[in-house]
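Undergrad: Got a file for you: upload.cif, mmCIF, C-alpha atoms.
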data_protein
loop_
_atom_site.label_atom_id
_atom_site.label_comp_id
_atom_site.auth_asym_id
_atom_site.auth_seq_id
_atom_site.Cartn_x
_atom_site.Cartn_y
_atom_site.Cartn_z
CA MET A 1 -18.14 -6.46 -7.72
CA SER A 2 -14.66 -5.33 -8.81
CA THR A 3 -12.81 -3.41 -11.50
CA VAL A 4 -12.89 -6.64 -13.53
CA SER A 5 -16.69 -6.63 -13.52
CA ASP A 6 -16.63 -2.88 -14.24
CA ALA A 7 -14.49 -3.55 -17.32
CA ARG A 8 -16.91 -6.26 -18.47
CA PHE A 9 -19.84 -3.86 -18.10
CA TRP A 10 -18.16 -1.21 -20.25
CA ASP A 11 -17.01 -3.79 -22.78
CA ARG A 12 -20.65 -4.88 -23.20
CA SER A 13 -21.77 -1.26 -23.43
CA SER A 14 -19.07 -0.06 -25.81
CA LYS A 15 -21.03 -0.25 -29.08
CA SER A 16 -24.15 1.45 -27.71
CA TYR A 17 -21.94 4.03 -25.96
CA ALA A 18 -20.25 4.82 -29.26
CA ARG A 19 -23.64 5.36 -30.95
CA ALA A 20 -25.08 7.57 -28.20
CA ARG A 21 -25.47 11.30 -28.79
CA ILE A 22 -24.04 13.88 -26.41
CA SER A 23 -27.01 15.09 -24.38
CA ASP A 24 -25.81 18.70 -24.03
CA GLN A 25 -23.66 19.52 -27.06
CA ALA A 26 -23.36 23.21 -26.17
CA GLY A 27 -22.17 22.38 -22.66
CA TYR A 28 -19.70 19.85 -24.07
CA GLU A 29 -18.30 22.43 -26.49
CA ARG A 30 -17.89 24.90 -23.63
CA THR A 31 -15.91 22.28 -21.69
CA LEU A 32 -13.63 21.65 -24.66
CA GLU A 33 -13.04 25.38 -25.17
CA ARG A 34 -12.09 25.89 -21.51
CA THR A 35 -9.82 22.86 -21.54
CA VAL A 36 -7.98 24.00 -24.67
CA ALA A 37 -7.49 27.41 -23.04
CA LEU A 38 -5.79 25.72 -20.07
CA LEU A 39 -3.48 23.51 -22.11
CA LYS A 40 -0.22 24.56 -23.77
CA PRO A 41 1.17 23.34 -27.11
CA GLU A 42 4.15 21.73 -25.36
CA ASP A 43 2.04 19.80 -22.83
CA ARG A 44 2.08 16.04 -22.35
CA VAL A 45 -1.52 15.12 -21.59
CA LEU A 46 -3.14 12.02 -20.09
CA GLU A 47 -6.88 11.41 -20.36
CA LEU A 48 -8.43 8.87 -17.99
CA GLY A 49 -11.74 7.20 -18.84
CA CYS A 50 -11.58 8.29 -22.47
CA GLY A 51 -14.39 5.96 -23.62
CA THR A 52 -14.41 5.65 -27.40
CA GLY A 53 -12.05 8.59 -27.89
CA THR A 54 -14.38 11.43 -28.91
CA THR A 55 -12.76 14.03 -26.64
CA ALA A 56 -9.22 12.82 -27.31
CA LEU A 57 -9.71 13.27 -31.04
CA ARG A 58 -10.90 16.84 -30.44
CA LEU A 59 -8.06 17.88 -28.10
CA ALA A 60 -4.95 15.95 -29.13
CA SER A 61 -3.90 18.25 -31.98
CA ASP A 62 -3.52 21.17 -29.53
CA VAL A 63 -0.74 19.57 -27.43
CA LYS A 64 2.62 17.82 -27.84
CA SER A 65 1.44 14.33 -26.85
CA TYR A 66 -1.88 12.87 -25.71
CA LEU A 67 -2.31 9.44 -24.12
CA ALA A 68 -5.99 8.47 -23.83
CA THR A 69 -6.81 5.52 -21.58
CA ASP A 70 -9.83 3.54 -20.46
CA LEU A 71 -10.56 0.52 -18.28
CA SER A 72 -12.43 -1.11 -21.17
CA ALA A 73 -10.37 -2.72 -23.93
CA ASP A 74 -13.44 -2.73 -26.19
CA MET A 75 -13.86 1.03 -25.77
CA ILE A 76 -10.20 1.47 -26.70
CA ALA A 77 -10.64 -0.77 -29.76
CA ILE A 78 -13.39 1.54 -31.06
CA ALA A 79 -11.23 4.58 -30.29
CA GLU A 80 -8.40 3.04 -32.30
CA GLU A 81 -10.75 2.60 -35.27
CA LYS A 82 -11.62 6.29 -35.07
CA ARG A 83 -7.93 7.24 -34.87
CA ALA A 84 -7.14 5.11 -37.93
CA ALA A 85 -9.76 7.04 -39.88
CA ASN A 86 -8.49 10.38 -38.54
CA PRO A 87 -4.76 10.07 -37.67
CA ILE A 88 -3.38 12.69 -35.27
CA ALA A 89 0.34 12.92 -34.51
CA GLY A 90 1.08 12.41 -30.83
CA LEU A 91 -2.24 10.70 -30.01
CA ALA A 92 -2.18 7.19 -28.55
CA PHE A 93 -4.88 5.01 -26.99
CA ARG A 94 -4.27 2.35 -24.35
CA PRO A 95 -6.31 0.22 -21.92
CA ALA A 96 -5.07 1.36 -18.50
CA THR A 97 -6.02 2.81 -15.11
CA ALA A 98 -4.49 5.67 -13.15
CA GLU A 99 -3.21 3.21 -10.57
CA ALA A 100 -1.38 1.11 -13.17
CA LEU A 101 0.14 4.14 -14.89
CA ALA A 102 1.36 5.65 -11.60
CA SER A 103 3.84 2.78 -11.23
CA GLU A 104 5.48 3.71 -14.55
CA ALA A 105 8.05 6.40 -15.24
CA ALA A 106 5.99 8.67 -17.52
CA ARG A 107 4.77 11.94 -16.04
CA PHE A 108 2.33 14.46 -17.49
CA ASP A 109 1.74 18.21 -17.54
CA ALA A 110 -2.04 17.72 -17.42
CA VAL A 111 -4.40 14.88 -16.52
CA LEU A 112 -8.02 15.00 -17.72
CA GLY A 113 -10.92 13.04 -16.26
CA PHE A 114 -14.32 13.74 -17.81
CA ASN A 115 -17.34 11.75 -16.57
CA TYR A 116 -14.81 9.57 -14.78
CA LEU A 117 -14.31 10.13 -11.04
CA HIS A 118 -17.75 8.86 -10.01
CA LEU A 119 -16.95 5.53 -11.71
CA VAL A 120 -13.81 4.66 -9.73
CA ARG A 121 -14.15 2.47 -6.65
CA ASP A 122 -11.36 4.02 -4.55
CA LEU A 123 -11.73 7.72 -5.23
CA ALA A 124 -9.13 8.86 -2.71
CA GLY A 125 -6.66 6.29 -4.01
CA THR A 126 -7.28 7.27 -7.64
CA LEU A 127 -6.78 10.95 -6.83
CA GLY A 128 -3.50 10.04 -5.16
CA SER A 129 -2.40 8.20 -8.30
CA ILE A 130 -3.37 11.19 -10.45
CA HIS A 131 -1.29 13.44 -8.20
CA ALA A 132 1.69 11.10 -8.65
CA LEU A 133 1.25 11.14 -12.44
CA LEU A 134 1.62 14.93 -12.68
CA VAL A 135 4.77 17.02 -12.77
CA PRO A 136 5.01 19.73 -10.07
CA GLY A 137 2.52 22.46 -10.92
CA GLY A 138 0.68 20.16 -13.35
CA LEU A 139 -3.08 20.49 -13.83
CA PHE A 140 -5.85 18.01 -13.09
CA ILE A 141 -8.98 18.98 -15.04
CA SER A 142 -12.20 17.10 -14.36
CA LYS A 143 -15.92 17.27 -15.01
CA THR A 144 -17.82 14.78 -12.92
CA PRO A 145 -21.47 13.96 -12.20
CA CYS A 146 -21.95 14.58 -8.48
CA LEU A 147 -24.79 12.19 -7.72
CA GLY A 148 -25.06 13.52 -4.17
CA ASP A 149 -26.32 16.81 -5.58
CA MET A 150 -28.90 15.16 -7.84
CA ASN A 151 -32.42 13.83 -7.22
CA PRO A 152 -32.31 11.68 -4.03
CA LEU A 153 -34.24 8.96 -5.86
CA ILE A 154 -31.05 8.17 -7.76
CA LYS A 155 -29.56 6.75 -4.56
CA PHE A 156 -32.38 4.20 -4.40
CA ALA A 157 -32.70 3.43 -8.11
CA LEU A 158 -28.99 2.99 -8.80
CA PRO A 159 -28.42 -0.15 -6.67
CA LEU A 160 -31.42 -1.85 -8.29
CA MET A 161 -30.13 -1.06 -11.77
CA GLN A 162 -26.71 -2.39 -10.81
CA VAL A 163 -28.17 -5.66 -9.59
CA ILE A 164 -29.81 -6.32 -12.97
CA GLY A 165 -26.73 -5.21 -14.90
CA LYS A 166 -28.19 -1.98 -16.24
CA ALA A 167 -25.79 0.39 -14.47
CA PRO A 168 -22.10 0.34 -13.56
CA TYR A 169 -20.57 1.07 -10.18
CA ALA A 170 -21.09 4.75 -9.33
CA GLY A 171 -19.94 6.64 -6.26
CA VAL A 172 -22.33 9.10 -4.64
CA PHE A 173 -20.79 12.38 -3.46
CA SER A 174 -21.46 16.11 -3.60
CA ALA A 175 -19.41 18.74 -5.41
CA GLN A 176 -18.27 20.11 -2.07
CA ALA A 177 -17.12 16.67 -0.93
CA LEU A 178 -15.32 16.11 -4.24
CA ARG A 179 -13.42 19.38 -3.94
CA GLY A 180 -12.42 18.36 -0.41
CA LEU A 181 -11.10 15.00 -1.62
CA ILE A 182 -9.15 16.65 -4.44
CA ALA A 183 -7.56 19.06 -1.95
CA ALA A 184 -6.77 16.21 0.46
CA ALA A 185 -4.89 14.45 -2.34
CA GLY A 186 -2.42 17.34 -2.50
CA PHE A 187 -4.04 19.65 -5.04
CA GLU A 188 -4.92 23.32 -4.93
CA VAL A 189 -8.41 23.74 -6.37
CA VAL A 190 -8.05 26.86 -8.52
CA GLY A 191 -11.47 26.99 -10.19
CA THR A 192 -14.93 25.48 -10.37
CA GLU A 193 -17.27 26.21 -13.27
CA ARG A 194 -20.67 25.07 -14.52
CA HIS A 195 -20.94 24.45 -18.25
CA ALA A 196 -24.45 23.05 -18.72
CA SER A 197 -26.58 24.98 -21.21
CA LYS A 198 -29.87 24.10 -19.51
CA GLY A 199 -31.29 22.90 -16.21
CA LYS A 200 -29.46 22.33 -12.94
CA ASP A 201 -25.79 21.55 -13.50
CA SER A 202 -24.55 18.80 -11.16
CA ARG A 203 -21.35 18.18 -13.15
CA PRO A 204 -18.83 20.77 -11.99
CA PHE A 205 -15.79 21.50 -14.15
CA ILE A 206 -12.96 21.58 -11.60
CA VAL A 207 -9.42 22.76 -12.26
CA ALA A 208 -6.80 21.75 -9.70
CA ARG A 209 -3.02 22.26 -9.59
CA LYS A 210 -0.51 19.87 -8.08
CA ALA A 211 0.91 21.67 -5.06
#
Using the file provided, produce a representation of the structure as structure tokens.

TA:
Amino acid sequence: MSTVSDARFWDRSSKSYARARISDQAGYERTLERTVALLKPEDRVLELGCGTGTTALRLASDVKSYLATDLSADMIAIAEEKRAANPIAGLAFRPATAEALASEAARFDAVLGFNYLHLVRDLAGTLGSIHALLVPGGLFISKTPCLGDMNPLIKFALPLMQVIGKAPYAGVFSAQALRGLIAAAGFEVVGTERHASKGKDSRPFIVARKA
């Protein structure tokens, strides 16, 4: 398994992903409100793992520029269709990874990663790339399923689903471990919130600043 196979999985899933409803709309709205409050009108923003662009289309009008990226070219193609129907100045979509972008000259005031970090294969390496992509004092804002804090049965079911092609790669870690990895990458973790409107919330909203 590799990032190539990950991209193929998300390409195959792109149409059904685009049709899926947000499971906790109130929690999602709370995340958007908190993110907007942290961003400034003059910010240059990068979103990693943007999927079909739903969040990008909600946030891009509040900042100077917004580059939304995803591993899956098919996801980006759907996002581009949405952008064509609802043009927003300063918003661009592109198939890319944090690692690829880190080798380029562009730097950002904020990097967003929602439902993203558990899907990368080298979490420490990706966090290092995110750190490199930010200007000094820039913000990394994430909201990530921490499978290590969820039902232990997930650890057994997930590999079986992956074998039959019903689930992508997913890293298993706790919120505490994730905060430790973010700090080890050179960030100061300045806040952790829970935005779910019901049930146990295992997707912490973490705000970190580049030290």

Undergrad: Any chance you could tabulate, as a tab-separated table, the residues of range 58-126 of chain A at most 7 Å from range 2-23 of chain A with each one's nearest atom pair and distance in Å to one decimal, using only C-alpha atoms, in chain and rising number order?

TA:
residue	atom	partner	partner_atom	distance
A:Leu71	CA	A:Ala7	CA	5.7
A:Ser72	CA	A:Ala7	CA	5.0
A:Ala73	CA	A:Asp11	CA	6.8
A:Asp74	CA	A:Asp11	CA	5.0
A:Met75	CA	A:Ser14	CA	5.3

Undergrad: If we count all atoms listed in the file and set the cut-off at 12 Å, which residues sit around Asn86 in chain A, ignoring sequence neighbours fewer than 5 positions away in its own chain? Please answer as a ChimeraX atom specification.

TA: /A:53-54,56-58,60-61,79-81,91

Undergrad: Quick one: residues within 7 Å of Val111 in chain A, only C-alpha atoms counted, chain neighbours fewer than 3 positions away excluded, as a PyMOL selection string?

TA: chain A and resi 45-47+108+139-141

Undergrad: Can you write out the residues you just picked, keeping C-alpha atoms, as a PDB file, in the coordinates of the input?

TA:
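Done, and the output landed in part_1.pdb:
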ATOM      1  CA  VAL A  45      -1.520  15.120 -21.590  1.00  0.00           C
ATOM      2  CA  LEU A  46      -3.140  12.020 -20.090  1.00  0.00           C
ATOM      3  CA  GLU A  47      -6.880  11.410 -20.360  1.00  0.00           C
ATOM      4  CA  PHE A 108       2.330  14.460 -17.490  1.00  0.00           C
ATOM      5  CA  LEU A 139      -3.080  20.490 -13.830  1.00  0.00           C
ATOM      6  CA  PHE A 140      -5.850  18.010 -13.090  1.00  0.00           C
ATOM      7  CA  ILE A 141      -8.980  18.980 -15.040  1.00  0.00           C
TER       8      ILE A 141
END

Undergrad: Report the residues retrieved by the PyMOL selection byres ((chain A and resi 115) around 8) from the displayed file, expressed as an MDAnalysis selection string.

TA: chainID A and resid 49 113:114 116:119 142:145

Undergrad: Once you have the residues from the selection above, write them out as an mmCIF file, in the frame of the given file, restricted to C-alpha atoms.

TA:
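Saved file result_0.cif follows:
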data_model
loop_
_atom_site.group_PDB
_atom_site.id
_atom_site.type_symbol
_atom_site.label_atom_id
_atom_site.label_comp_id
_atom_site.auth_asym_id
_atom_site.auth_seq_id
_atom_site.Cartn_x
_atom_site.Cartn_y
_atom_site.Cartn_z
ATOM 1 C CA GLY A 49 -11.740 7.200 -18.840
ATOM 2 C CA GLY A 113 -10.920 13.040 -16.260
ATOM 3 C CA PHE A 114 -14.320 13.740 -17.810
ATOM 4 C CA TYR A 116 -14.810 9.570 -14.780
ATOM 5 C CA LEU A 117 -14.310 10.130 -11.040
ATOM 6 C CA HIS A 118 -17.750 8.860 -10.010
ATOM 7 C CA LEU A 119 -16.950 5.530 -11.710
ATOM 8 C CA SER A 142 -12.200 17.100 -14.360
ATOM 9 C CA LYS A 143 -15.920 17.270 -15.010
ATOM 10 C CA THR A 144 -17.820 14.780 -12.920
ATOM 11 C CA PRO A 145 -21.470 13.960 -12.200
#

Undergrad: Around the point (-2.4, 13.3, -37.4), in the coordinates given by the file, pick out the residues reaching within 12 Å, counting only C-alpha atoms, and return them as a ChimeraX atom specification.

TA: /A:57-66,82-92

Undergrad: Written as a list in words, what is the full residue list that the PyMOL selection byres ((chain A and resi 129) around 6) yields on the file shown?

TA: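 Matching residues under the PyMOL selection byres ((chain A and resi 129) around 6) are Ala98, Glu99, Ala102, Thr126, Leu127, Gly128, Ile130, His131 and Ala132 of chain A.
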
Undergrad: Expand the PyMOL selection byres ((chain A and resi 136) around 8) into the explicit residue set it covers here, and present it as a list in words.

TA: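 Expected selection for the PyMOL selection byres ((chain A and resi 136) around 8) here is Leu134, Val135, Gly137, Gly138, Lys210 and Ala211 of chain A.
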
Undergrad: Measuring atom to atom with all atoms listed in the file, identify which of A:Gly165, A:Met150, A:Leu178, A:Thr69 is nearest to Gly199 in chain A.

TA: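 For Gly199 in chain A, the nearest of the given residues is A:Met150.
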